[in-house]
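Asker: Have a peek at work_10.tsv (TSV, C-alpha atoms).
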```tsv
chain	number	residue	atom	x	y	z
A	894	MET	CA	16.16	2.61	77.95
A	895	GLY	CA	14.41	5.89	77.08
A	896	GLY	CA	17.41	7.11	75.04
A	897	GLU	CA	17.68	3.83	73.20
A	898	SER	CA	13.98	3.96	72.30
A	899	ALA	CA	14.33	7.47	70.85
A	900	ILE	CA	17.28	6.43	68.68
A	901	ARG	CA	15.36	3.42	67.27
A	902	THR	CA	12.07	5.13	66.50
A	903	ALA	CA	13.08	8.58	65.23
A	904	PRO	CA	14.58	7.47	61.88
A	905	ARG	CA	11.57	5.29	61.09
A	906	SER	CA	9.15	8.13	61.66
A	907	GLY	CA	11.20	10.59	59.63
A	908	GLY	CA	11.76	8.14	56.76
A	909	ALA	CA	8.05	7.41	56.41
A	910	GLY	CA	7.25	11.04	55.83
A	911	LYS	CA	9.97	11.76	53.25
A	912	GLY	CA	10.41	8.63	51.10
A	913	PRO	CA	8.17	6.20	49.24
A	914	VAL	CA	5.87	4.14	51.42
A	915	GLY	CA	6.02	0.33	51.42
A	916	SER	CA	8.55	-2.11	50.06
A	917	LYS	CA	10.20	-1.58	46.68
A	918	ALA	CA	8.56	-4.74	45.35
A	919	GLY	CA	5.18	-3.50	46.50
A	920	GLN	CA	5.72	-0.13	44.85
A	921	ARG	CA	6.68	-1.78	41.57
A	922	LEU	CA	3.68	-4.12	41.65
A	923	SER	CA	1.28	-1.29	42.46
A	924	GLY	CA	2.69	0.75	39.55
A	925	LEU	CA	2.30	-2.20	37.19
A	926	ALA	CA	-1.26	-2.76	38.41
A	927	VAL	CA	-2.18	0.87	37.72
A	928	ALA	CA	-0.55	0.81	34.27
A	929	LEU	CA	-2.18	-2.48	33.28
A	930	GLY	CA	-5.50	-1.32	34.70
A	931	LEU	CA	-5.43	1.84	32.60
A	932	VAL	CA	-4.66	-0.19	29.46
A	933	LEU	CA	-7.59	-2.55	30.13
A	934	PHE	CA	-9.98	0.22	31.17
A	935	LEU	CA	-9.28	2.52	28.22
A	936	GLY	CA	-8.91	-0.41	25.82
A	937	GLY	CA	-12.33	-1.78	26.79
A	938	PHE	CA	-13.95	1.60	26.19
A	939	ALA	CA	-12.10	2.15	22.90
A	940	TRP	CA	-12.99	-1.32	21.61
A	941	GLY	CA	-16.63	-0.78	22.55
A	942	ALA	CA	-16.69	2.60	20.76
A	943	VAL	CA	-15.40	0.97	17.58
A	944	VAL	CA	-17.76	-2.01	17.67
A	945	TYR	CA	-20.98	-0.47	19.04
A	946	LEU	CA	-23.33	2.38	18.19
A	947	PRO	CA	-25.58	3.92	20.87
A	948	TYR	CA	-29.14	4.57	19.79
A	949	THR	CA	-32.22	5.92	21.57
A	950	VAL	CA	-35.46	4.22	20.50
A	951	PRO	CA	-38.05	6.94	19.82
A	952	THR	CA	-41.21	4.81	19.66
A	953	SER	CA	-42.89	1.91	21.46
A	954	SER	CA	-43.03	-0.31	18.35
A	955	MET	CA	-40.52	-2.77	19.89
A	956	SER	CA	-42.27	-3.00	23.25
A	957	PRO	CA	-42.00	-4.94	25.52
A	958	THR	CA	-38.48	-5.91	24.34
A	959	ILE	CA	-37.40	-2.28	24.00
A	960	ASN	CA	-39.52	0.56	25.33
A	961	VAL	CA	-39.80	4.13	24.10
A	962	GLY	CA	-36.80	6.17	25.22
A	963	ASP	CA	-34.61	3.14	25.97
A	964	ARG	CA	-30.92	3.48	25.13
A	965	VAL	CA	-29.57	0.48	23.23
A	966	LEU	CA	-26.13	-0.63	22.11
A	967	ALA	CA	-26.08	-1.89	18.54
A	968	GLN	CA	-23.14	-3.79	17.09
A	969	ARG	CA	-21.89	-2.57	13.73
A	970	VAL	CA	-22.42	-5.49	11.33
A	971	ASP	CA	-22.56	-6.14	7.64
A	972	GLY	CA	-26.05	-6.80	6.32
A	973	SER	CA	-24.99	-10.27	5.19
A	974	ASP	CA	-24.44	-11.23	8.86
A	975	ILE	CA	-28.08	-10.65	9.77
A	976	ARG	CA	-30.11	-13.69	10.84
A	977	ARG	CA	-33.78	-14.34	11.52
A	978	GLY	CA	-34.82	-13.04	14.93
A	979	ASP	CA	-32.23	-10.25	15.05
A	980	VAL	CA	-33.30	-6.77	16.16
A	981	VAL	CA	-31.64	-4.36	13.74
A	982	VAL	CA	-31.15	-0.67	13.12
A	983	PHE	CA	-31.61	0.39	9.51
A	984	LYS	CA	-32.34	3.36	7.28
A	985	ASP	CA	-34.83	3.28	4.43
A	986	LYS	CA	-36.19	6.53	3.03
A	987	THR	CA	-39.37	4.80	1.83
A	988	TRP	CA	-40.17	4.08	5.49
A	989	VAL	CA	-38.99	7.30	7.13
A	990	THR	CA	-36.67	10.11	6.09
A	991	GLY	CA	-33.67	11.28	8.06
A	992	THR	CA	-33.67	8.82	10.94
A	993	SER	CA	-32.99	5.17	11.75
A	994	VAL	CA	-35.61	2.53	12.46
A	995	VAL	CA	-35.44	-0.42	14.88
A	996	LYS	CA	-37.34	-3.62	13.98
A	997	ARG	CA	-37.02	-7.39	14.25
A	998	VAL	CA	-36.03	-9.49	11.23
A	999	VAL	CA	-38.54	-12.33	10.83
A	1000	ALA	CA	-37.63	-13.47	7.32
A	1001	VAL	CA	-34.60	-13.21	5.02
A	1002	GLY	CA	-34.08	-13.54	1.27
A	1003	GLY	CA	-35.73	-16.67	-0.13
A	1004	ASP	CA	-38.18	-17.07	2.78
A	1005	THR	CA	-41.96	-17.01	2.48
A	1006	VAL	CA	-43.62	-15.29	5.43
A	1007	SER	CA	-47.32	-15.08	6.25
A	1008	CYS	CA	-49.70	-14.65	9.15
A	1009	CYS	CA	-51.32	-16.27	10.81
A	1010	THR	CA	-51.53	-20.03	11.35
A	1011	LYS	CA	-53.31	-20.80	14.63
A	1012	GLY	CA	-52.42	-17.31	15.77
A	1013	LYS	CA	-48.73	-17.66	15.00
A	1014	LEU	CA	-46.40	-16.11	12.45
A	1015	THR	CA	-45.47	-18.61	9.73
A	1016	VAL	CA	-42.14	-18.69	7.89
A	1017	ASN	CA	-41.50	-21.33	5.21
A	1018	GLY	CA	-44.53	-23.23	6.49
A	1019	LYS	CA	-43.25	-23.37	10.08
A	1020	GLN	CA	-45.12	-21.76	12.95
A	1021	ILE	CA	-42.80	-19.49	14.91
A	1022	ASP	CA	-42.89	-19.22	18.69
A	1023	GLU	CA	-42.35	-15.57	19.64
A	1024	PRO	CA	-41.88	-15.32	23.42
A	1025	TYR	CA	-40.75	-11.70	23.09
A	1026	LEU	CA	-44.33	-10.60	22.29
A	1027	ALA	CA	-46.42	-9.21	25.13
A	1028	GLU	CA	-48.27	-11.95	26.99
A	1029	GLY	CA	-51.62	-12.67	25.38
A	1030	SER	CA	-50.93	-10.59	22.25
A	1031	LEU	CA	-51.43	-11.89	18.72
A	1032	ALA	CA	-48.65	-12.46	16.20
A	1033	GLU	CA	-50.45	-9.95	13.96
A	1034	ILE	CA	-53.61	-7.93	14.50
A	1035	THR	CA	-54.73	-8.39	10.89
A	1036	ASP	CA	-53.63	-11.27	8.72
A	1037	PHE	CA	-51.40	-10.44	5.76
A	1038	PRO	CA	-50.92	-12.47	2.58
A	1039	ALA	CA	-47.88	-14.62	2.01
A	1040	VAL	CA	-44.82	-12.63	0.97
A	1041	LYS	CA	-41.86	-14.16	-0.86
A	1042	VAL	CA	-38.81	-12.21	0.31
A	1043	PRO	CA	-36.42	-11.45	-2.57
A	1044	LYS	CA	-32.75	-12.34	-2.27
A	1045	GLY	CA	-30.75	-9.67	-0.51
A	1046	ARG	CA	-33.76	-8.28	1.33
A	1047	LEU	CA	-35.40	-8.61	4.76
A	1048	PHE	CA	-38.94	-8.69	6.15
A	1049	LEU	CA	-39.22	-6.90	9.50
A	1050	LEU	CA	-41.86	-6.58	12.21
A	1051	GLY	CA	-42.11	-4.67	15.46
A	1052	ASP	CA	-42.63	-6.64	18.68
A	1053	GLU	CA	-45.64	-4.44	19.45
A	1054	ARG	CA	-47.65	-5.63	16.47
A	1055	GLN	CA	-50.72	-3.47	16.97
A	1056	GLY	CA	-48.99	-0.10	16.67
A	1057	SER	CA	-45.85	-0.91	14.70
A	1058	LEU	CA	-45.42	0.61	11.24
A	1059	ASP	CA	-43.36	-2.29	9.93
A	1060	SER	CA	-43.17	-4.35	6.72
A	1061	THR	CA	-46.90	-5.06	6.90
A	1062	ALA	CA	-47.59	-1.33	6.56
A	1063	HIS	CA	-45.49	-1.19	3.37
A	1064	LEU	CA	-46.83	-4.23	1.48
A	1065	THR	CA	-48.07	-2.02	-1.35
A	1066	ASP	CA	-44.66	-0.40	-1.83
A	1067	ALA	CA	-42.55	-1.40	-4.82
A	1068	ALA	CA	-40.40	-3.60	-2.58
A	1069	GLY	CA	-43.43	-5.34	-1.04
A	1070	GLY	CA	-42.54	-4.20	2.47
A	1071	THR	CA	-39.01	-5.62	2.36
A	1072	VAL	CA	-35.78	-3.77	3.14
A	1073	ALA	CA	-32.37	-4.23	1.50
A	1074	VAL	CA	-29.76	-5.91	3.70
A	1075	GLY	CA	-27.44	-3.01	2.81
A	1076	ALA	CA	-29.78	-0.63	4.65
A	1077	VAL	CA	-28.89	-2.29	7.97
A	1078	THR	CA	-26.27	-0.41	9.96
A	1079	ALA	CA	-26.20	-2.37	13.22
A	1080	ARG	CA	-27.70	-5.22	15.25
A	1081	VAL	CA	-29.02	-4.46	18.75
A	1082	ASP	CA	-27.06	-6.42	21.34
A	1083	ALA	CA	-28.30	-4.96	24.62
A	1084	VAL	CA	-30.49	-2.39	26.34
A	1085	ALA	CA	-27.99	-0.20	28.14
A	1086	TRP	CA	-30.49	2.10	29.83
A	1087	PRO	CA	-32.38	1.04	31.76
A	1088	MET	CA	-29.85	-1.73	32.34
A	1089	ASN	CA	-31.94	-4.64	31.05
A	1090	GLY	CA	-28.88	-6.42	29.70
A	1091	MET	CA	-28.30	-8.51	26.60
A	1092	LEU	CA	-31.14	-9.36	24.23
A	1093	GLU	CA	-31.92	-13.06	24.06
A	1094	ARG	CA	-31.68	-14.80	20.69
A	1095	PRO	CA	-35.18	-16.12	19.86
A	1096	THR	CA	-34.98	-19.90	19.61
A	1097	GLY	CA	-38.26	-20.03	17.66
A	1098	PHE	CA	-36.27	-19.38	14.47
A	1099	GLU	CA	-33.65	-22.09	15.07
A	1100	ALA	CA	-35.48	-24.67	12.97
A	1101	LEU	CA	-34.99	-22.41	9.93
A	1102	GLY	CA	-31.25	-21.87	10.32
A	1103	ALA	CA	-28.48	-20.74	12.63
A	1104	LEU	CA	-29.07	-17.75	14.89
A	1105	SER	CA	-26.60	-14.89	15.20
A	1106	GLN	CA	-24.12	-14.84	18.06
A	1107	PRO	CA	-23.87	-12.00	20.62
A	1108	GLY	CA	-21.13	-9.43	20.05
A	1109	PRO	CA	-18.16	-8.79	22.38
A	1110	LEU	CA	-20.11	-6.56	24.79
A	1111	ARG	CA	-19.62	-8.84	27.80
A	1112	THR	CA	-15.88	-8.91	27.11
A	1113	ASN	CA	-15.81	-5.11	26.82
A	1114	VAL	CA	-17.55	-4.73	30.18
A	1115	ALA	CA	-15.25	-7.30	31.81
A	1116	LEU	CA	-12.16	-5.42	30.58
A	1117	VAL	CA	-13.47	-2.11	31.91
A	1118	ILE	CA	-14.32	-3.60	35.33
A	1119	ALA	CA	-11.00	-5.46	35.60
A	1120	GLY	CA	-9.13	-2.29	34.64
A	1121	ALA	CA	-10.98	-0.23	37.24
A	1122	VAL	CA	-10.23	-2.80	39.96
A	1123	LEU	CA	-6.51	-2.86	39.09
A	1124	VAL	CA	-6.25	0.94	39.03
A	1125	LEU	CA	-8.03	1.33	42.35
A	1126	GLY	CA	-6.10	-1.54	43.92
A	1127	GLY	CA	-2.72	-0.23	42.74
A	1128	ALA	CA	-3.50	3.32	43.81
A	1129	ALA	CA	-4.58	2.10	47.25
A	1130	TYR	CA	-1.23	0.42	47.96
A	1131	GLY	CA	0.53	3.62	49.09
A	1132	PRO	CA	-2.11	4.78	51.61
A	1133	VAL	CA	-2.53	1.25	52.98
A	1134	ALA	CA	1.23	0.74	53.35
A	1135	LYS	CA	1.53	4.13	55.04
A	1136	ARG	CA	-1.20	3.30	57.53
A	1137	VAL	CA	0.36	-0.10	58.27
A	1138	GLY	CA	3.77	1.55	58.72
A	1139	ARG	CA	2.38	4.07	61.21
A	1140	SER	CA	0.64	1.30	63.10
A	1141	ARG	CA	3.88	-0.69	63.39
A	1142	THR	CA	5.86	2.38	64.44
A	1143	GLY	CA	3.34	3.17	67.16
A	1144	THR	CA	3.43	-0.42	68.40
A	1145	GLU	CA	7.25	-0.49	68.55
A	1146	SER	CA	7.34	2.86	70.36
A	1147	ALA	CA	4.84	1.67	72.92
A	1148	GLY	CA	6.79	-1.53	73.43
A	1149	ALA	CA	10.06	0.34	73.92
A	1150	ARG	CA	8.59	2.42	76.73
```
Could you rewrite the structure in this file as structure tokens?
Answerer:
Amino acid sequence: MGGESAIRTAPRSGGAGKGPVGSKAGQRLSGLAVALGLVLFLGGFAWGAVVYLPYTVPTSSMSPTINVGDRVLAQRVDGSDIRRGDVVVFKDKTWVTGTSVVKRVVAVGGDTVSCCTKGKLTVNGKQIDEPYLAEGSLAEITDFPAVKVPKGRLFLLGDERQGSLDSTAHLTDAAGGTVAVGAVTARVDAVAWPMNGMLERPTGFEALGALSQPGPLRTNVALVIAGAVLVLGGAAYGPVAKRVGRSRTGTESAGAR
């Protein structure tokens, strides 16, 4: 019996140390999982790099939606895709030189914007609910006269109305505080750090027209996570199969004795 046990167990032990671990089908599937996982993982990152721009907000003018020092992800968009309520990144040398600015679009070309009616911002005669403002804060600290926004331009405000140098601070400029749609480089989709997630589309502007739709950020994140899971799962097959093989060998050896 002892000799027979030695003959049965020795080849198994030796084979496990020298050759691939696990079944051939398992090895193929684990390899495919790793390859597919890498494609999804790297593809998700590459797609995100093409679609999104990272930007650090240097001031508190968008508080409490975006605080000073927050890192945001802004989707590259054409200015013509901008809708009321969007938080955008733009450059306008009449506002500031050499850096980008982050503000919220409250009116687009053709709109008439004013403040305030019963404490609320008014666009085209409609009072706008702005839940993104700090609780108890006013739509504007000082009222401003009605502004007719020219075609192809935008009127922008900060969510922290008291300290924001926005369109209301540039009403005496030649453009009447408005910014050209072509100055917009991106639309903020999410606060990446701290991880506050996607920005909500403000429904207060829905009565004036369609809101913009979120970009593919959720899909990008899902691809990266799925890829990581497949890579880790495929790479774990070998060690797991090896451990299971050792366990079975030990059980058979003990049974043979």
Asker: Given the choices A:Thr1078, A:Asn1089, A:Ser993, A:Thr1005, which gets closest to Asp963 in chain A if the distance is worked out from only C-alpha atoms?
Answerer: A:Asn1089
Asker: Just want the 10 Å neighbourhood of range 1026-1037 of chain A, counted on only C-alpha atoms, with same-chain residues fewer than 2 positions away dropped. Output as a PyMOL selection string.
Answerer: chain A and resi 955-958+1006-1015+1021-1024+1039-1040+1050-1056+1061-1062+1064
Asker: To one decimal place, how far is CA of Leu946 in chain A from CA of Leu929 in chain A in Å?
Answerer: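 Interatomic distance here is 26.4 Å.
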Asker: Is it possible to get the residues within 7 Å of (-34.8, -17.4, -1.6) (coordinates as in the file, counting only C-alpha atoms) written as a list in words?
Answerer: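 Checked against the point, the hits come out as Gly1002, Gly1003, Asp1004, Val1042, Pro1043 and Lys1044 of chain A.
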Asker: With all atoms listed in the file as the basis for distance, which of A:Val1114, A:Ala1079, A:Val1124, A:Val981 is at the shortest distance from Val999 in chain A?
Answerer: A:Val981
Asker: Select, from A:Leu933, A:Ala942, A:Val927, A:Leu1104, the residue with the minimum atom-to-atom distance to Asp979 in chain A, counting only C-alpha atoms.
Answerer: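 Selected residue with least distance to Asp979 in chain A: A:Leu1104.
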Asker: Here is a test: counting all atoms listed in the file, which residue of A:Ala928, A:Arg921, A:Ala1076, A:Ser973 is nearest to Thr992 in chain A?
Answerer: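 Using all atoms listed in the file, Thr992 in chain A sits closest to A:Ala1076.
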Asker: For a quick check of understanding, using all atoms listed in the file, which of A:Leu1110, A:Ala939, A:Val995, A:Ala1119 has the smallest distance to Met1091 in chain A?
Answerer: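 The closest residue to Met1091 in chain A is A:Leu1110.
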Asker: Can you work out the spacing between CA of Gly978 in chain A and CA of Arg964 in chain A in Å, to one decimal?
Answerer: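 CA of Gly978 in chain A sits 19.8 Å away from CA of Arg964 in chain A.
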Asker: Pick out the closest residue to Pro1109 in chain A from this set: A:Leu931, A:Lys917, A:Ala967, A:Ile959. Count only C-alpha atoms.
Answerer: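 Closest to Pro1109 in chain A of all the choices is A:Ala967.
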Asker: CA of Asp1059 in chain A and CA of Ser954 in chain A, how far apart in Å?
Answerer: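 Atom-to-atom, CA of Ser954 in chain A and CA of Asp1059 in chain A are spaced 8.7 Å apart.
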Asker: Go ahead and fit an axis-aligned box to every listed atom of range 930-938 of chain A plus 4 Å each side, and pass me the centre and edge lengths in Å, one decimal, as AutoDock Vina command-line options.
Answerer:
```
--center_x -9.3 --center_y 0.0 --center_z 30.3 --size_x 17.3 --size_y 13.1 --size_z 16.9
```
